[in-house]
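Here the structure is laid out as structure tokens; the discussion comes afterwards.
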Amino acid sequence: MTAEARPSHAASPVPRSAFRMHLGKPWLALPLLAFFLMFVALPIVMLLSAAMTGPDGVSLVHFTRFFTDGLSLPVLGRTLLLGLATAAVALVLGYPLALLFVSASTRVQRLLILMIVLPLLTSAVVRTFAWVVVLGRQGLVNEALIWLGVIGAPIPLLYTEPMLILTLAQIELPLMTLPIISALSLIDPRLQEASTALGAGRWRTLFLVVFPLSLPGVIAGVLLVFAAACGALVTQSIVGGGRLLFMPMYIYQQGMQGQNWPFAAAISLMLLVSVLAVVTALNVLGRIATRHLHV
């Protein structure tokens, strides 16, 4: 008699090494957790503690002042609008650049990626002062317009909100372009070929196929540029000057110049909460649009 054959489907014991690989090593995240607690959570707790310090102990007097003094809320609204406008201009400038990068040859792509990333290797202070040279009364723009006969005398370009938005959009342009490039690179070229074969032109394919599929990159770029523009103290103070007041300079004035640290902490927390609220809303809207795209 032969021994009964063992069923081929019998469960074999799972190797312990595979079990460990499946569970992973959670302790590897401990340095990141410690970094987050030390440099993110702890400063926020300290800001909250300072903001709730009143003359008689714990108090909400500084938050009450923020909502009732008639200045803080308009400054906050102007700052959020500045971030949204900067993100919109950066999208208009960055999306064509990303399309050019994706459709270019490998050699041209190397040159383009260098041009896109190079501003990140330069200090924001240097780039901001470069715009001061360009936009000044004796700057390149005014000199060019006078030479062309468009204007007879220099026009004020610095310390205006449109030029501040343009400056911020150029400075934060890599944060918009790189996520869009990543999203466009993941689109299957056969989808565009199928759209063209079905009779859609280039622009129709762009707006109905390419742009919807690149929405994740667009959303990521908008969120990054918006958050960065709302907190760009250096550019806002240099290009905007004293005529334009936004939240970073407002916080600086209250904390460093007025020595009103509790109120400055309250302003900082309100800016943080507001930016996070707008970022969350934009992210939710982007997810809804992406979900409808795949339905």
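Order determines the names: the first chain of the structure tokens is A, the second B, and so forth; residues in each chain are numbered 1 upward, and ligands are numbered 1 upward as they are shown.
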
Hey, could you make a per-residue contact list for segment 64-154 of chain A against segment 277-286 of chain A with 12 Å as the cut-off, showing the nearest pair of atoms and its distance in Å to one decimal, counting only C-alpha atoms, sorted by chain and number, as JSON lines?
{"residue": "A:Gly77", "atom": "CA", "partner": "A:Val278", "partner_atom": "CA", "distance": 11.4}
{"residue": "A:Thr79", "atom": "CA", "partner": "A:Val278", "partner_atom": "CA", "distance": 11.8}
{"residue": "A:Leu80", "atom": "CA", "partner": "A:Val278", "partner_atom": "CA", "distance": 8.3}
{"residue": "A:Leu81", "atom": "CA", "partner": "A:Val278", "partner_atom": "CA", "distance": 10.6}
{"residue": "A:Gly83", "atom": "CA", "partner": "A:Val278", "partner_atom": "CA", "distance": 10.1}
{"residue": "A:Leu84", "atom": "CA", "partner": "A:Val278", "partner_atom": "CA", "distance": 9.5}
{"residue": "A:Ala87", "atom": "CA", "partner": "A:Leu282", "partner_atom": "CA", "distance": 11.7}

Emit the selected residues as an mmCIF file, in the first residue's frame, including C-alpha atoms.
data_model
loop_
_atom_site.group_PDB
_atom_site.id
_atom_site.type_symbol
_atom_site.label_atom_id
_atom_site.label_comp_id
_atom_site.auth_asym_id
_atom_site.auth_seq_id
_atom_site.Cartn_x
_atom_site.Cartn_y
_atom_site.Cartn_z
ATOM 1 C CA GLY A 77 -9.386 88.087 4.151
ATOM 2 C CA THR A 79 -4.197 87.539 2.799
ATOM 3 C CA LEU A 80 -6.344 84.563 1.802
ATOM 4 C CA LEU A 81 -7.406 86.312 -1.420
ATOM 5 C CA GLY A 83 -2.954 83.322 -1.799
ATOM 6 C CA LEU A 84 -5.822 82.302 -4.084
ATOM 7 C CA ALA A 87 -2.263 80.193 -7.050
#

Do a neighbour search on Thr177 of chain A at 10 Å with only C-alpha atoms, toss out local chain neighbours closer than 3 positions, and write the hits as a short mmCIF file (atom, residue, chain, number, x, y, z; two decimals) with C-alpha atoms, in the first residue's frame.
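Wrote it out as selection.cif, contents follow:
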data_model
loop_
_atom_site.label_atom_id
_atom_site.label_comp_id
_atom_site.auth_asym_id
_atom_site.auth_seq_id
_atom_site.Cartn_x
_atom_site.Cartn_y
_atom_site.Cartn_z
CA ALA A 90 0.85 80.34 -11.04
CA LEU A 91 -1.54 77.78 -12.56
CA LEU A 93 1.86 80.14 -16.02
CA GLY A 94 2.79 76.66 -14.82
CA TYR A 95 0.37 74.45 -16.75
CA PRO A 96 1.62 75.41 -20.24
CA LEU A 97 5.19 74.99 -18.99
CA ALA A 98 4.33 71.50 -17.73
CA LEU A 99 2.70 70.64 -21.06
CA PHE A 101 8.00 69.70 -20.65
CA ILE A 113 13.80 70.88 -15.50
CA ILE A 116 12.21 75.01 -13.27
CA VAL A 117 14.25 73.79 -10.31
CA GLU A 172 6.36 79.86 -6.19
CA LEU A 173 6.09 78.62 -9.80
CA PRO A 174 8.17 75.44 -9.22
CA ILE A 180 1.53 69.01 -12.70
CA ILE A 181 4.48 67.50 -14.58
CA SER A 182 4.22 64.41 -12.39
CA GLY A 217 -1.32 67.47 -9.82
CA VAL A 218 -3.22 70.74 -10.28
CA ALA A 220 -1.45 69.64 -5.22
CA GLY A 221 0.18 72.64 -6.91
CA VAL A 222 -2.64 75.01 -5.96
#

Quiz item: Which value, in Å to one decimal, gives the distance between atom CA of Tyr250 of chain A and atom CA of Leu76 of chain A?
Solution: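 Taking atom CA of Tyr250 of chain A and atom CA of Leu76 of chain A, their separation equals 9.5 Å.
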
Quiz item: Smallest atom-to-atom distance to Thr205 of chain A: which of A:Ile146, A:Val45, A:Pro189, A:Leu175, using only C-alpha atoms?
Solution: A:Pro189

Quiz prompt | Å distance separating atom CA of Ser268 of chain A from atom CA of Ser72 of chain A, one decimal place | solution =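 For atom CA of Ser268 of chain A relative to atom CA of Ser72 of chain A, the distance reads 11.2 Å.
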